[in-house]
Amino acid sequence: MKHWRFYAMTVSVLLAAYIGAWLTITGGSSQQGREAPWGDSLSVTLPEGEGAAKKELARVKNELSKMKPSRPYIVIDTHANILTFRTEDSILLRATCSTGSGGELIDPGTGRRWIFDTPRGVFKVKSKLTDPWWRKPDWAFIEENETIPKDPRERLDPEMLGDFALGFGDDYFIHGTIYERLLGVNVTHGCVRLGSDDLKRLYDQVPIGTPVYVF
Amino acid sequence: MFSDLNKMSSVLKYSRLGLCGLLAGIALSSCEGRHSEVRPASNPNAEGWDRHQAEMEYRLTQTELTLAKLDRPYMVLDFASNQVELKLKGTIVWNCLMEITQFDSQELKEFPARFMGNEERVMLPLVDKYLFAGEEKTPDSVLAIVGSVTNVDPELLQRDVPARFQLFWDYGLTIEVRTKIAGKPRSVVKSALVELRHTLRSPFGEAYFVLNMNPDDALTLYRAAHQGMPTLLYPPE
């Protein structure tokens, strides 16, 4: 009888320890069934009646499919530094690129601040340039501890951007680089750098208006 | 006695042959029938209105539409076309075939079933991710050059290429991703705790499978996947 009590107690203690450890390590079930910040998807129901329901289903499907580009699009993967020109089903071009470093620069004189990130979101190719010249912004001088020139001609650099540039808004470009060895590393000030061969191939295939997805 | 047994066995033999012939005849005739038919409906409900199916499709589309209107990517576990996708504004920005190792068809059925549950959920947020082992992407020599060219801290530029990591959702759902990289193990204690969590969860029910990925894809998925990332499930057909 005493033995039976001892075993029962041991089993109870072990069970309690097991449940305790499980709750501690898994965080219990507090996360299950929590409400998502983007709304409760489970409450979405079709209207009554077959006709109305079919119409509503077709409407949302159409709305979703309209969001997809009707032609090939550019994707810039800032995580792996890969640029693809693609459709939903196939990759037309895949190239190693360099994207924003995420670094920060503060102008000691004025306190102006820059964060060198490639912007995320959906954009469009707005311009296509051949033999682009870089008009160096203020940060390029501050970074090098140089005085910001008063003559705009002193800002121009004919080499830095390579042979082509594709503008995708707000002074961000997909362009070439003189630092091809650094492709694949997040080193840029926000623009997207490509190797010269890949840049030429992309430039030749991409028309103005092509969607650019950056994530 | 012996001759009776002999007779019986020959009767059985001929009846088996006859049965085989009959089955072959039925199979052939059904094949011919298929060719001669105009186009049989593969699904008896194909032309009928399946409200439950439509409700499910509507909920999935509405949910995806809501996510597509946001400015951030979401993940799709597409069991219909057997791939993992990242989408932005409703468009695929990254996708990778589910190359499953230690193939267990039961686990594969269990995962979507457990994801959807009785409520037929179509979306869950990613609860957590854990890197077991990884390898630094950029050699120090390259980082030294970068350091001399830019004013960015080389630490900021370094990326861990994941060798092995896990993604977790509620309801005991785990996907493990493995690459061919050996990688350096991360915290031994934390890894042991994660393994322990996995072991302790098992009796309460879980669905878990392992995917093989190339290092670039694994890097994208690991870095893009973040806590709370909405994850949609396209159920298997």
# chains A, B, ... in the order shown; residues from 1 in each chain; ligands from 1
>>> interface_residues(of="chain B", to="chain A", cutoff="7 Å", atoms="only C-alpha atoms", output="MDAnalysis selection string")
chainID B and resid 55 58:59 61:63 65 71 89:93 121 152 157 170:171 197 200 216 219:220 223:224
>>> write_last_selection(atoms="C-alpha atoms", output="PDB file, in the first residue's frame")
ATOM      1  CA  GLU B  55     -17.064  29.850 -48.947  1.00  0.00           C
ATOM      2  CA  TYR B  58     -13.930  33.322 -50.805  1.00  0.00           C
ATOM      3  CA  ARG B  59     -12.379  33.404 -47.362  1.00  0.00           C
ATOM      4  CA  THR B  61      -9.275  35.245 -51.560  1.00  0.00           C
ATOM      5  CA  GLN B  62     -10.629  37.904 -49.203  1.00  0.00           C
ATOM      6  CA  THR B  63      -7.858  37.245 -46.717  1.00  0.00           C
ATOM      7  CA  LEU B  65      -6.785  40.608 -50.764  1.00  0.00           C
ATOM      8  CA  ASP B  71       2.847  47.254 -47.898  1.00  0.00           C
ATOM      9  CA  LYS B  89       0.921  43.258 -53.194  1.00  0.00           C
ATOM     10  CA  GLY B  90      -0.547  39.953 -54.356  1.00  0.00           C
ATOM     11  CA  THR B  91       2.445  39.154 -56.586  1.00  0.00           C
ATOM     12  CA  ILE B  92       5.010  36.397 -56.132  1.00  0.00           C
ATOM     13  CA  VAL B  93       8.391  37.938 -55.322  1.00  0.00           C
ATOM     14  CA  ARG B 121      -8.340  28.620 -40.973  1.00  0.00           C
ATOM     15  CA  VAL B 152      29.587  51.255 -42.681  1.00  0.00           C
ATOM     16  CA  LEU B 157      27.132  44.119 -43.607  1.00  0.00           C
ATOM     17  CA  ASP B 170       0.663  27.874 -33.514  1.00  0.00           C
ATOM     18  CA  TYR B 171      -1.100  24.534 -33.263  1.00  0.00           C
ATOM     19  CA  ARG B 197      10.297  22.029 -26.885  1.00  0.00           C
ATOM     20  CA  LEU B 200       7.669  17.943 -25.360  1.00  0.00           C
ATOM     21  CA  ASP B 216      20.345  31.692 -51.423  1.00  0.00           C
ATOM     22  CA  LEU B 219      18.849  33.115 -46.791  1.00  0.00           C
ATOM     23  CA  THR B 220      15.889  34.953 -48.312  1.00  0.00           C
ATOM     24  CA  ARG B 223      15.706  36.865 -43.299  1.00  0.00           C
ATOM     25  CA  ALA B 224      12.296  37.741 -44.722  1.00  0.00           C
TER      26      ALA B 224
END
>>> select_by_dssp(residues="range 4-200 of chain A", states="alpha helix (DSSP H)", output="ChimeraX atom specification")
/A:4-26,50-66,138-143,196-200
>>> residues_around(residues="Lys190 in chain B", least_positions_apart="2", cutoff="12 Å", atoms="only C-alpha atoms", output="JSON, numbers by chain")
{"A": [25], "B": [130, 131, 132, 133, 185, 186, 187, 188, 192, 193, 194, 195, 196, 197]}
>>> residues_around(residues="Asp151 in chain A", least_positions_apart="4", cutoff="12 Å", atoms="only C-alpha atoms", output="ChimeraX atom specification")
/A:135-136,147,155-156
>>> atom_distance(atom1="CA of Gly176 in chain A", atom2="CA of Ser127 in chain A")
15.0 Å
>>> closest_residue(among="A:Arg112, A:Lys124, A:Arg153, A:Lys200", to="Pro72 in chain A", atoms="only C-alpha atoms")
A:Lys124
>>> decode(residues="range 170-186 of chain A", atoms="N, CA and C atoms", output="PDB file, in the first residue's frame")
ATOM      1  N   ASP A 170      12.315  58.749 -56.916  1.00  0.00           N
ATOM      2  CA  ASP A 170      12.986  59.435 -55.802  1.00  0.00           C
ATOM      3  C   ASP A 170      14.509  59.286 -55.818  1.00  0.00           C
ATOM      4  N   ASP A 171      15.102  59.447 -56.985  1.00  0.00           N
ATOM      5  CA  ASP A 171      16.562  59.382 -57.136  1.00  0.00           C
ATOM      6  C   ASP A 171      17.178  58.013 -56.825  1.00  0.00           C
ATOM      7  N   TYR A 172      16.381  56.976 -56.852  1.00  0.00           N
ATOM      8  CA  TYR A 172      16.926  55.625 -56.695  1.00  0.00           C
ATOM      9  C   TYR A 172      17.063  54.996 -58.077  1.00  0.00           C
ATOM     10  N   PHE A 173      18.200  54.351 -58.317  1.00  0.00           N
ATOM     11  CA  PHE A 173      18.488  53.769 -59.630  1.00  0.00           C
ATOM     12  C   PHE A 173      19.004  52.341 -59.503  1.00  0.00           C
ATOM     13  N   ILE A 174      18.766  51.575 -60.561  1.00  0.00           N
ATOM     14  CA  ILE A 174      19.493  50.315 -60.740  1.00  0.00           C
ATOM     15  C   ILE A 174      20.612  50.694 -61.712  1.00  0.00           C
ATOM     16  N   HIS A 175      21.854  50.558 -61.305  1.00  0.00           N
ATOM     17  CA  HIS A 175      22.948  51.020 -62.163  1.00  0.00           C
ATOM     18  C   HIS A 175      24.169  50.113 -62.025  1.00  0.00           C
ATOM     19  N   GLY A 176      25.201  50.431 -62.779  1.00  0.00           N
ATOM     20  CA  GLY A 176      26.431  49.633 -62.737  1.00  0.00           C
ATOM     21  C   GLY A 176      27.305  50.046 -61.569  1.00  0.00           C
ATOM     22  N   THR A 177      28.488  49.455 -61.518  1.00  0.00           N
ATOM     23  CA  THR A 177      29.389  49.771 -60.409  1.00  0.00           C
ATOM     24  C   THR A 177      30.848  49.567 -60.808  1.00  0.00           C
ATOM     25  N   ILE A 178      31.716  50.308 -60.169  1.00  0.00           N
ATOM     26  CA  ILE A 178      33.145  50.046 -60.375  1.00  0.00           C
ATOM     27  C   ILE A 178      33.653  49.065 -59.303  1.00  0.00           C
ATOM     28  N   TYR A 179      32.750  48.726 -58.375  1.00  0.00           N
ATOM     29  CA  TYR A 179      33.136  47.771 -57.314  1.00  0.00           C
ATOM     30  C   TYR A 179      32.416  46.428 -57.509  1.00  0.00           C
ATOM     31  N   GLU A 180      32.673  45.773 -58.645  1.00  0.00           N
ATOM     32  CA  GLU A 180      31.934  44.531 -58.923  1.00  0.00           C
ATOM     33  C   GLU A 180      32.245  43.426 -57.905  1.00  0.00           C
ATOM     34  N   ARG A 181      33.398  43.521 -57.282  1.00  0.00           N
ATOM     35  CA  ARG A 181      33.787  42.495 -56.313  1.00  0.00           C
ATOM     36  C   ARG A 181      32.858  42.512 -55.083  1.00  0.00           C
ATOM     37  N   LEU A 182      32.207  43.635 -54.895  1.00  0.00           N
ATOM     38  CA  LEU A 182      31.337  43.749 -53.717  1.00  0.00           C
ATOM     39  C   LEU A 182      29.884  43.375 -54.001  1.00  0.00           C
ATOM     40  N   LEU A 183      29.623  42.902 -55.226  1.00  0.00           N
ATOM     41  CA  LEU A 183      28.248  42.477 -55.527  1.00  0.00           C
ATOM     42  C   LEU A 183      27.860  41.331 -54.592  1.00  0.00           C
ATOM     43  N   GLY A 184      26.639  41.365 -54.126  1.00  0.00           N
ATOM     44  CA  GLY A 184      26.180  40.340 -53.185  1.00  0.00           C
ATOM     45  C   GLY A 184      26.243  40.814 -51.743  1.00  0.00           C
ATOM     46  N   VAL A 185      26.873  41.982 -51.545  1.00  0.00           N
ATOM     47  CA  VAL A 185      26.989  42.521 -50.174  1.00  0.00           C
ATOM     48  C   VAL A 185      26.144  43.797 -50.083  1.00  0.00           C
ATOM     49  N   ASN A 186      25.532  44.007 -48.939  1.00  0.00           N
ATOM     50  CA  ASN A 186      24.722  45.226 -48.738  1.00  0.00           C
ATOM     51  C   ASN A 186      25.642  46.408 -48.462  1.00  0.00           C
TER      52      ASN A 186
END
